[in-house]
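A.B. asks: Structure supplied as structure-v7.csv; contents: CSV, C-alpha atoms.
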```
chain,number,residue,atom,x,y,z
A,919,MET,CA,-1.4,-18.5,-10.0
A,920,ARG,CA,1.8,-17.0,-11.3
A,921,VAL,CA,3.3,-14.1,-9.3
A,922,LEU,CA,6.2,-11.7,-10.3
A,923,GLY,CA,8.1,-10.4,-7.3
A,924,ILE,CA,10.3,-7.3,-7.8
A,925,ASP,CA,12.9,-5.6,-5.6
A,926,PRO,CA,13.5,-2.3,-7.5
A,927,GLY,CA,16.7,-0.4,-7.6
A,928,LEU,CA,18.5,1.8,-10.2
A,929,ASN,CA,21.7,-0.2,-10.0
A,930,GLN,CA,20.0,-3.5,-10.2
A,931,THR,CA,16.5,-4.7,-9.9
A,932,GLY,CA,15.8,-8.3,-8.6
A,933,TYR,CA,12.9,-10.2,-10.0
A,934,GLY,CA,11.4,-13.7,-9.6
A,935,VAL,CA,8.4,-15.4,-11.2
A,936,VAL,CA,6.9,-18.1,-8.9
A,937,VAL,CA,4.0,-20.4,-9.5
A,938,ARG,CA,2.1,-22.7,-7.1
A,939,ASP,CA,1.8,-26.3,-8.3
A,940,GLY,CA,-0.4,-28.0,-5.7
A,941,ARG,CA,1.6,-27.6,-2.5
A,942,GLN,CA,4.9,-27.1,-4.3
A,943,LEU,CA,6.2,-23.7,-5.3
A,944,LEU,CA,8.2,-23.5,-8.5
A,945,VAL,CA,10.5,-20.8,-9.9
A,946,LEU,CA,9.8,-20.1,-13.5
A,947,ASP,CA,12.3,-17.3,-13.9
A,948,ALA,CA,14.6,-15.2,-11.7
A,949,GLY,CA,17.4,-12.7,-12.2
A,950,LEU,CA,18.5,-9.1,-12.3
A,951,VAL,CA,17.6,-6.2,-14.6
A,952,ARG,CA,20.5,-3.8,-14.8
A,953,PRO,CA,19.3,-0.3,-15.9
A,954,GLY,CA,22.8,0.9,-16.9
A,955,PRO,CA,25.8,2.5,-15.2
A,956,ALA,CA,25.4,5.5,-12.9
A,957,SER,CA,27.0,7.7,-15.6
A,958,THR,CA,23.9,7.1,-17.8
A,959,ARG,CA,21.2,9.8,-17.7
A,960,ILE,CA,18.5,9.1,-15.2
A,961,GLU,CA,15.7,9.1,-17.8
A,962,GLU,CA,17.6,6.5,-19.9
A,963,ARG,CA,18.1,4.2,-16.9
A,964,LEU,CA,14.4,4.5,-16.0
A,965,ALA,CA,13.5,3.6,-19.6
A,966,ALA,CA,15.8,0.6,-19.6
A,967,LEU,CA,14.3,-0.6,-16.3
A,968,TYR,CA,10.7,0.0,-17.6
A,969,ASP,CA,11.5,-1.9,-20.8
A,970,GLY,CA,13.1,-4.8,-18.9
A,971,VAL,CA,10.2,-5.2,-16.5
A,972,PHE,CA,7.6,-4.8,-19.2
A,973,GLY,CA,9.4,-7.6,-21.1
A,974,ILE,CA,9.2,-9.9,-18.1
A,975,LEU,CA,5.5,-9.1,-17.7
A,976,ALA,CA,4.8,-9.8,-21.4
A,977,ARG,CA,6.8,-13.1,-21.3
A,978,HIS,CA,5.2,-14.6,-18.1
A,979,GLN,CA,1.9,-12.8,-17.9
A,980,PRO,CA,1.6,-13.1,-14.1
A,981,GLY,CA,-1.6,-12.6,-12.2
A,982,ALA,CA,0.0,-10.1,-9.9
A,983,LEU,CA,3.2,-8.1,-9.3
A,984,ALA,CA,4.4,-8.1,-5.6
A,985,LEU,CA,6.4,-5.1,-4.3
A,986,GLU,CA,7.5,-3.7,-1.0
A,987,GLU,CA,5.2,-1.1,0.5
A,988,VAL,CA,6.1,2.6,0.5
A,989,PHE,CA,6.2,3.9,4.0
A,990,SER,CA,4.8,7.4,4.1
A,991,HIS,CA,5.4,8.0,7.8
A,992,GLY,CA,8.7,9.1,9.2
A,993,ARG,CA,11.8,10.3,7.5
A,994,PHE,CA,14.0,8.6,5.0
A,995,PRO,CA,17.6,8.8,3.6
A,996,GLY,CA,18.0,10.4,0.2
A,997,SER,CA,18.8,7.1,-1.4
A,998,ALA,CA,15.2,6.1,-0.8
A,999,LEU,CA,14.2,8.7,-3.4
A,1000,TRP,CA,16.1,6.9,-6.1
A,1001,ILE,CA,14.5,3.5,-5.1
A,1002,ALA,CA,11.1,5.3,-5.3
A,1003,HIS,CA,12.0,6.3,-8.9
A,1004,ALA,CA,12.7,2.7,-9.8
A,1005,ARG,CA,9.6,1.5,-8.0
A,1006,ALA,CA,7.4,4.0,-9.9
A,1007,VAL,CA,8.4,2.7,-13.4
A,1008,VAL,CA,7.9,-0.9,-12.2
A,1009,CYS,CA,4.4,0.1,-11.1
A,1010,LEU,CA,3.8,1.9,-14.4
A,1011,ALA,CA,5.0,-1.2,-16.4
A,1012,ALA,CA,2.4,-3.3,-14.4
A,1013,ALA,CA,-0.4,-0.8,-15.2
A,1014,LYS,CA,0.5,-0.9,-18.9
A,1015,ALA,CA,0.6,-4.7,-18.9
A,1016,ASP,CA,-2.7,-4.7,-17.0
A,1017,VAL,CA,-1.3,-6.6,-14.0
A,1018,PRO,CA,-2.4,-5.5,-10.5
A,1019,VAL,CA,0.3,-4.4,-8.0
A,1020,GLU,CA,0.2,-5.9,-4.4
A,1021,SER,CA,2.4,-4.4,-1.7
A,1022,TYR,CA,3.7,-5.9,1.5
A,1023,ALA,CA,5.6,-4.4,4.4
A,1024,PRO,CA,9.2,-5.7,4.8
A,1025,ALA,CA,8.3,-7.2,8.2
A,1026,THR,CA,5.3,-9.0,6.6
A,1027,VAL,CA,7.6,-10.6,4.0
A,1028,LYS,CA,10.2,-11.6,6.7
A,1029,GLN,CA,7.4,-13.1,8.9
A,1030,ALA,CA,5.8,-15.0,6.0
A,1031,ILE,CA,9.2,-16.5,4.8
A,1032,THR,CA,11.0,-17.1,8.0
A,1033,GLY,CA,8.3,-16.9,10.7
A,1034,TYR,CA,10.2,-13.9,12.3
A,1035,GLY,CA,9.5,-10.2,11.3
A,1036,ARG,CA,13.0,-9.1,12.1
A,1037,ALA,CA,14.9,-11.8,10.2
A,1038,THR,CA,18.2,-10.9,8.6
A,1039,LYS,CA,18.8,-10.8,4.9
A,1040,GLU,CA,20.8,-14.1,5.2
A,1041,GLN,CA,17.9,-15.8,6.9
A,1042,VAL,CA,15.5,-14.7,4.2
A,1043,GLN,CA,17.9,-15.9,1.5
A,1044,HIS,CA,18.2,-19.3,3.2
A,1045,MET,CA,14.5,-19.8,3.7
A,1046,VAL,CA,13.6,-18.7,0.2
A,1047,GLY,CA,15.8,-21.6,-1.0
A,1048,VAL,CA,14.1,-24.0,1.4
A,1049,ARG,CA,10.6,-22.9,0.3
A,1050,LEU,CA,11.5,-23.3,-3.3
A,1051,GLY,CA,13.4,-26.6,-2.8
A,1052,ALA,CA,16.4,-25.1,-4.4
A,1053,ASP,CA,19.8,-23.5,-3.5
A,1054,ALA,CA,19.5,-20.2,-1.7
A,1055,PRO,CA,19.7,-17.4,-4.3
A,1056,ARG,CA,23.1,-15.8,-4.4
A,1057,SER,CA,21.8,-12.3,-4.9
A,1058,ALA,CA,20.0,-10.7,-2.0
A,1059,ASP,CA,17.9,-8.7,-4.5
A,1060,VAL,CA,16.7,-11.8,-6.3
A,1061,ALA,CA,16.0,-13.5,-2.9
A,1062,ASP,CA,13.9,-10.4,-1.8
A,1063,ALA,CA,12.0,-10.5,-5.1
A,1064,LEU,CA,11.3,-14.3,-4.8
A,1065,ALA,CA,10.3,-13.7,-1.1
A,1066,LEU,CA,7.7,-11.1,-2.2
A,1067,ALA,CA,6.3,-13.5,-4.8
A,1068,ILE,CA,6.0,-16.3,-2.2
A,1069,THR,CA,4.5,-13.9,0.4
A,1070,HIS,CA,1.7,-13.0,-2.1
A,1071,LEU,CA,1.1,-16.7,-3.1
A,1072,ASP,CA,0.9,-17.6,0.6
A,1073,ALA,CA,-1.6,-14.7,1.2
A,1074,VAL,CA,-3.8,-15.7,-1.7
A,1075,GLY,CA,-3.6,-19.4,-0.7
A,1076,SER,CA,-4.5,-18.6,2.9
A,1077,VAL,CA,-7.4,-16.5,1.8
A,1078,MET,CA,-8.7,-19.2,-0.5
A,1079,LEU,CA,-8.3,-21.8,2.3
A,1080,SER,CA,-10.1,-19.5,4.8
A,1081,ALA,CA,-12.8,-18.8,2.2
A,1082,ALA,CA,-13.4,-22.5,1.9
A,1083,LYS,CA,-13.8,-22.8,5.7
A,1084,HIS,CA,-15.9,-19.7,6.0
A,1085,PRO,CA,-18.0,-19.7,2.8
A,1086,ALA,CA,-20.5,-17.1,4.2
A,1087,GLY,CA,-18.2,-14.2,5.1
A,1088,ARG,CA,-15.0,-12.5,4.3
A,1089,PRO,CA,-12.1,-14.6,5.5
A,1090,PRO,CA,-10.0,-13.3,8.4
A,1091,VAL,CA,-6.5,-11.9,7.4
A,1092,PRO,CA,-4.0,-14.6,8.3
A,1093,GLN,CA,-2.1,-13.7,11.5
A,1094,THR,CA,1.3,-14.3,9.8
A,1095,LEU,CA,0.5,-11.6,7.2
A,1096,ARG,CA,-0.2,-8.8,9.6
A,1097,PRO,CA,2.6,-6.2,9.7
A,1098,ALA,CA,4.6,-6.3,12.9
A,1099,GLN,CA,3.8,-3.7,15.5
A,1100,GLY,CA,5.9,-0.6,15.4
A,1101,ASP,CA,7.2,-1.3,11.9
A,1102,LYS,CA,5.0,1.1,10.0
B,1396,MET,CA,13.9,27.0,-28.0
B,1397,ARG,CA,10.8,25.6,-26.4
B,1398,VAL,CA,11.0,24.3,-22.9
B,1399,LEU,CA,8.5,22.2,-20.8
B,1400,GLY,CA,8.8,22.8,-17.1
B,1401,ILE,CA,7.1,20.3,-14.8
B,1402,ASP,CA,6.4,20.3,-11.0
B,1403,PRO,CA,5.4,16.7,-10.4
B,1404,GLY,CA,2.9,15.4,-7.9
B,1405,LEU,CA,0.4,12.6,-7.6
B,1406,ASN,CA,-2.5,14.8,-6.7
B,1407,GLN,CA,-1.7,17.3,-9.4
B,1408,THR,CA,1.3,18.0,-11.6
B,1409,GLY,CA,1.9,21.6,-12.8
B,1410,TYR,CA,3.3,22.1,-16.3
B,1411,GLY,CA,4.2,25.0,-18.5
B,1412,VAL,CA,5.6,25.3,-22.0
B,1413,VAL,CA,7.6,28.5,-22.6
B,1414,VAL,CA,9.4,29.7,-25.7
B,1415,ARG,CA,11.9,32.6,-26.2
B,1416,ASP,CA,11.0,35.0,-29.0
B,1417,GLY,CA,13.9,37.4,-29.2
B,1418,ARG,CA,14.0,39.0,-25.7
B,1419,GLN,CA,10.4,38.1,-24.9
B,1420,LEU,CA,9.3,34.9,-23.2
B,1421,LEU,CA,5.9,33.5,-24.3
B,1422,VAL,CA,3.7,30.8,-22.7
B,1423,LEU,CA,2.5,28.3,-25.2
B,1424,ASP,CA,0.6,26.2,-22.8
B,1425,ALA,CA,0.3,25.8,-19.0
B,1426,GLY,CA,-2.0,23.9,-16.6
B,1427,LEU,CA,-2.4,20.9,-14.4
B,1428,VAL,CA,-2.4,17.1,-15.0
B,1429,ARG,CA,-4.6,15.4,-12.4
B,1430,PRO,CA,-3.7,11.7,-12.1
B,1431,GLY,CA,-6.9,10.8,-10.4
B,1432,PRO,CA,-8.2,10.7,-6.8
B,1433,ALA,CA,-6.2,9.1,-3.9
B,1434,SER,CA,-8.6,6.2,-3.9
B,1435,THR,CA,-7.4,5.1,-7.3
B,1436,ARG,CA,-4.6,2.4,-7.4
B,1437,ILE,CA,-1.2,3.9,-7.5
B,1438,GLU,CA,-0.2,2.2,-10.7
B,1439,GLU,CA,-3.3,3.6,-12.4
B,1440,ARG,CA,-2.4,7.1,-11.2
B,1441,LEU,CA,1.1,6.8,-12.4
B,1442,ALA,CA,-0.2,5.6,-15.8
B,1443,ALA,CA,-2.6,8.6,-16.0
B,1444,LEU,CA,0.3,11.0,-15.2
B,1445,TYR,CA,2.6,9.3,-17.7
B,1446,ASP,CA,0.0,9.5,-20.5
B,1447,GLY,CA,-0.8,13.1,-19.6
B,1448,VAL,CA,2.8,14.2,-19.8
B,1449,PHE,CA,3.6,12.2,-22.8
B,1450,GLY,CA,0.6,13.9,-24.6
B,1451,ILE,CA,2.0,17.3,-23.7
B,1452,LEU,CA,5.5,16.3,-25.0
B,1453,ALA,CA,4.0,15.0,-28.3
B,1454,ARG,CA,1.9,18.1,-28.8
B,1455,HIS,CA,4.6,20.7,-28.1
B,1456,GLN,CA,7.8,18.8,-28.9
B,1457,PRO,CA,10.0,20.8,-26.5
B,1458,GLY,CA,13.8,20.8,-26.8
B,1459,ALA,CA,14.1,20.1,-23.1
B,1460,LEU,CA,12.1,19.2,-20.0
B,1461,ALA,CA,13.1,21.1,-16.8
B,1462,LEU,CA,12.5,19.5,-13.4
B,1463,GLU,CA,13.6,20.1,-9.8
B,1464,GLU,CA,16.7,18.2,-8.7
B,1465,VAL,CA,16.5,15.2,-6.4
B,1466,PHE,CA,18.5,15.8,-3.3
B,1467,SER,CA,20.3,12.5,-2.3
B,1468,HIS,CA,21.8,13.9,0.8
B,1469,GLY,CA,20.1,14.2,4.2
B,1470,ARG,CA,16.7,12.8,5.2
B,1471,PHE,CA,13.3,13.4,3.8
B,1472,PRO,CA,9.6,13.2,4.9
B,1473,GLY,CA,7.8,10.1,3.5
B,1474,SER,CA,5.6,12.3,1.2
B,1475,ALA,CA,8.8,13.0,-0.8
B,1476,LEU,CA,8.7,9.3,-1.8
B,1477,TRP,CA,5.4,9.8,-3.6
B,1478,ILE,CA,6.7,12.9,-5.3
B,1479,ALA,CA,9.7,10.8,-6.4
B,1480,HIS,CA,7.2,8.3,-7.9
B,1481,ALA,CA,5.6,11.1,-9.9
B,1482,ARG,CA,8.9,12.5,-10.9
B,1483,ALA,CA,10.1,9.1,-12.2
B,1484,VAL,CA,7.2,8.7,-14.7
B,1485,VAL,CA,7.7,12.2,-15.9
B,1486,CYS,CA,11.4,11.4,-16.6
B,1487,LEU,CA,10.3,8.2,-18.3
B,1488,ALA,CA,7.9,10.0,-20.6
B,1489,ALA,CA,10.7,12.4,-21.6
B,1490,ALA,CA,13.0,9.4,-22.4
B,1491,LYS,CA,10.3,7.8,-24.5
B,1492,ALA,CA,9.7,11.1,-26.3
B,1493,ASP,CA,13.4,11.6,-26.8
B,1494,VAL,CA,13.5,14.9,-24.9
B,1495,PRO,CA,16.5,15.5,-22.5
B,1496,VAL,CA,15.7,16.2,-18.8
B,1497,GLU,CA,17.5,19.1,-17.2
B,1498,SER,CA,17.4,19.5,-13.4
B,1499,TYR,CA,17.7,22.6,-11.2
B,1500,ALA,CA,17.9,23.0,-7.4
B,1501,PRO,CA,15.0,24.9,-5.9
B,1502,ALA,CA,17.3,27.7,-4.7
B,1503,THR,CA,18.7,28.0,-8.3
B,1504,VAL,CA,15.2,28.5,-9.7
B,1505,LYS,CA,14.2,31.0,-7.0
B,1506,GLN,CA,17.5,32.9,-7.6
B,1507,ALA,CA,16.9,32.9,-11.4
B,1508,ILE,CA,13.3,34.1,-11.2
B,1509,THR,CA,13.4,36.5,-8.2
B,1510,GLY,CA,17.1,37.2,-7.7
B,1511,TYR,CA,16.9,35.7,-4.2
B,1512,GLY,CA,17.5,32.0,-3.5
B,1513,ARG,CA,15.2,31.9,-0.5
B,1514,ALA,CA,12.2,33.7,-2.1
B,1515,THR,CA,8.7,32.6,-1.0
B,1516,LYS,CA,6.2,30.8,-3.2
B,1517,GLU,CA,4.3,34.0,-3.5
B,1518,GLN,CA,7.3,35.9,-4.7
B,1519,VAL,CA,8.1,33.2,-7.3
B,1520,GLN,CA,4.4,33.3,-8.5
B,1521,HIS,CA,4.5,37.1,-8.8
B,1522,MET,CA,7.8,37.3,-10.7
B,1523,VAL,CA,6.8,34.5,-13.1
B,1524,GLY,CA,3.9,36.7,-14.1
B,1525,VAL,CA,6.3,39.7,-14.5
B,1526,ARG,CA,8.8,37.7,-16.6
B,1527,LEU,CA,6.0,36.4,-18.9
B,1528,GLY,CA,4.2,39.8,-19.1
B,1529,ALA,CA,1.1,38.1,-17.8
B,1530,ASP,CA,-1.0,37.8,-14.7
B,1531,ALA,CA,0.7,35.7,-11.9
B,1532,PRO,CA,-0.4,32.0,-12.3
B,1533,ARG,CA,-3.1,31.2,-9.7
B,1534,SER,CA,-1.7,27.7,-9.1
B,1535,ALA,CA,1.6,27.6,-7.2
B,1536,ASP,CA,2.3,24.3,-9.1
B,1537,VAL,CA,1.9,25.9,-12.5
B,1538,ALA,CA,4.0,28.8,-11.3
B,1539,ASP,CA,6.8,26.4,-10.2
B,1540,ALA,CA,6.6,24.6,-13.6
B,1541,LEU,CA,6.8,27.9,-15.5
B,1542,ALA,CA,9.7,29.1,-13.3
B,1543,LEU,CA,11.6,25.9,-14.1
B,1544,ALA,CA,11.1,26.4,-17.8
B,1545,ILE,CA,12.2,30.1,-17.6
B,1546,THR,CA,15.3,29.1,-15.5
B,1547,HIS,CA,16.4,26.6,-18.2
B,1548,LEU,CA,15.7,29.2,-21.0
B,1549,ASP,CA,17.8,31.7,-19.0
B,1550,ALA,CA,20.6,29.2,-18.5
B,1551,VAL,CA,20.7,28.3,-22.2
B,1552,GLY,CA,20.5,31.9,-23.2
B,1553,SER,CA,23.4,32.8,-20.8
B,1554,VAL,CA,25.5,30.0,-22.1
B,1555,MET,CA,24.9,31.0,-25.7
B,1556,LEU,CA,25.8,34.6,-24.8
B,1557,SER,CA,28.9,33.5,-23.0
B,1558,ALA,CA,29.9,31.2,-25.8
B,1559,ALA,CA,29.7,34.2,-28.2
B,1560,LYS,CA,32.0,36.1,-25.9
B,1561,HIS,CA,34.3,33.1,-25.3
B,1562,PRO,CA,34.3,31.3,-28.6
B,1563,ALA,CA,37.4,29.2,-27.8
B,1564,GLY,CA,36.4,27.6,-24.5
B,1565,ARG,CA,33.5,26.2,-22.5
B,1566,PRO,CA,31.6,29.2,-21.2
B,1567,PRO,CA,31.5,29.8,-17.4
B,1568,VAL,CA,28.4,28.8,-15.5
B,1569,PRO,CA,26.4,32.0,-14.9
B,1570,GLN,CA,26.8,33.2,-11.3
B,1571,THR,CA,23.0,33.5,-10.9
B,1572,LEU,CA,22.5,29.8,-11.8
B,1573,ARG,CA,24.9,28.4,-9.1
B,1574,PRO,CA,23.0,26.8,-6.2
B,1575,ALA,CA,23.0,28.8,-3.1
B,1576,GLN,CA,25.5,27.8,-0.4
B,1577,GLY,CA,24.2,25.4,2.2
B,1578,ASP,CA,21.1,24.5,0.2
B,1579,LYS,CA,22.3,21.2,-1.1
```
As a first step, turn the structure in this file into structure tokens.
C.D. replies:
Amino acid sequence: MRVLGIDPGLNQTGYGVVVRDGRQLLVLDAGLVRPGPASTRIEERLAALYDGVFGILARHQPGALALEEVFSHGRFPGSALWIAHARAVVCLAAAKADVPVESYAPATVKQAITGYGRATKEQVQHMVGVRLGADAPRSADVADALALAITHLDAVGSVMLSAAKHPAGRPPVPQTLRPAQGDK
Amino acid sequence: MRVLGIDPGLNQTGYGVVVRDGRQLLVLDAGLVRPGPASTRIEERLAALYDGVFGILARHQPGALALEEVFSHGRFPGSALWIAHARAVVCLAAAKADVPVESYAPATVKQAITGYGRATKEQVQHMVGVRLGADAPRSADVADALALAITHLDAVGSVMLSAAKHPAGRPPVPQTLRPAQGDK
């Protein structure tokens, strides 16, 4: 299965396409979509981001698009509203390309990649490189995108493994993929 | 000039198309786009909203789309993140239809419609009806959308009037269209 992970932002959006080949994870493509400078009208930046993501979806035809969850509880800084704008057009591109969106809490991604739900950005960057048998991505946004793709591939792999062990019932959710307490 | 006002939301999005005919404002179309129940996948709801708004743009070909501003300062409840998702696909539809987006602060809209920047929803609803020579819209979301369209038509009208009076320079921003103090 091929998974596109995306870390959306209006300044730059990180993306990474990862595929599982046996026990090995391979990066097919990774980089940044830049929706244009802050002086550009918001609707034009959103259109540039949409077109960029739709192009990646068309090129790689992934089985899923992995994103960070939206937290609807609590209060957020205003900048989160612009990230939500970027996230929305990424979701729309997925719908138009007929690719399902899967969301993971940040702590779930950190736990899946580093084994620790409160890992730093640097730890995630480092461990993404280790998991992919490559140098750590220099961009934290690309690393986060790849981490999301790996998290979803791990989740799907674990479920398939559990399904093989428990053919009669629904497999249990892997412990490492449960969100950390108090992080919702 | 024909203006489409939109009050975005994932449960329902209010819209209203208003045109100025001499001194009279006329509603060409108004109603709600419903992007589907909360049980539907978010990407499908965003696609339904996008298609709905794009259809309205194609049908009426307005000269502008008027929305509420995004406030990037301060902190917001989590529900604002979902409104931002809806707002983003409305902006994208405008970009794809080549219609410029104009944004107004809520206090600016209330001031323009009722003469008071802290008017209640009911006052806005009532005065929208008065301005349009019609019954007050029953839906507050439709009323807000129509209020945005009227606010933009007033702003454009004032600027044209001022430009006629001040042909040499850029006309001053009308006092009634400045955001209220402390409301940013």
A.B. asks: Would you give me, as a PDB file with C-alpha atoms, keeping the file's coordinate frame, the residues of chain B that come within 6 Å of chain A, using all atoms listed in the file?
C.D. replies:
```pdb
ATOM      1  CA  GLU B1438      -0.200   2.200 -10.700  1.00  0.00           C
ATOM      2  CA  GLU B1439      -3.300   3.600 -12.400  1.00  0.00           C
ATOM      3  CA  LEU B1441       1.100   6.800 -12.400  1.00  0.00           C
ATOM      4  CA  ALA B1442      -0.200   5.600 -15.800  1.00  0.00           C
ATOM      5  CA  SER B1467      20.300  12.500  -2.300  1.00  0.00           C
ATOM      6  CA  HIS B1468      21.800  13.900   0.800  1.00  0.00           C
ATOM      7  CA  GLY B1469      20.100  14.200   4.200  1.00  0.00           C
ATOM      8  CA  ARG B1470      16.700  12.800   5.200  1.00  0.00           C
ATOM      9  CA  PHE B1471      13.300  13.400   3.800  1.00  0.00           C
ATOM     10  CA  PRO B1472       9.600  13.200   4.900  1.00  0.00           C
ATOM     11  CA  GLY B1473       7.800  10.100   3.500  1.00  0.00           C
ATOM     12  CA  SER B1474       5.600  12.300   1.200  1.00  0.00           C
ATOM     13  CA  LEU B1476       8.700   9.300  -1.800  1.00  0.00           C
ATOM     14  CA  ALA B1479       9.700  10.800  -6.400  1.00  0.00           C
ATOM     15  CA  HIS B1480       7.200   8.300  -7.900  1.00  0.00           C
ATOM     16  CA  ALA B1483      10.100   9.100 -12.200  1.00  0.00           C
ATOM     17  CA  CYS B1486      11.400  11.400 -16.600  1.00  0.00           C
ATOM     18  CA  LEU B1487      10.300   8.200 -18.300  1.00  0.00           C
ATOM     19  CA  ALA B1490      13.000   9.400 -22.400  1.00  0.00           C
TER      20      ALA B1490
END
```
A.B. asks: What does the distance from atom CA of Thr1069 of chain A to atom CA of Asp1053 of chain A come to in Å, to one decimal?
C.D. replies: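 Straight-line distance from atom CA of Thr1069 of chain A to atom CA of Asp1053 of chain A works out to 18.5 Å.
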A.B. asks: Taking into account all atoms listed in the file, which residue in the set B:Glu1517, B:Glu1464, B:Glu1497, B:Asp1424 is nearest to Ala1531 of chain B?
C.D. replies: B:Glu1517
A.B. asks: Could you name the residues that touch Glu986 of chain A at 6 Å or less, counting all atoms listed in the file, but leaving out those on the same chain fewer than 6 positions away, as number ranges by chain?
C.D. replies: A: 1021-1023
A.B. asks: Considering all atoms listed in the file, state which residue in the set A:Gly1035, A:Pro926, A:Gly934, A:Gly981 is at the smallest distance from Ala1067 of chain A.
C.D. replies: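 Among the listed residues, A:Gly934 lies closest to Ala1067 of chain A.
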A.B. asks: Compile the contact shell of Val1537 of chain B as a VMD selection string: residues with an atom at most 9 Å away, counting only C-alpha atoms, same-chain residues fewer than 4 positions apart removed.
C.D. replies: chain B and resid 1400 to 1402 1408 to 1411 1425 to 1427 1520 1532 to 1533 1541 to 1542
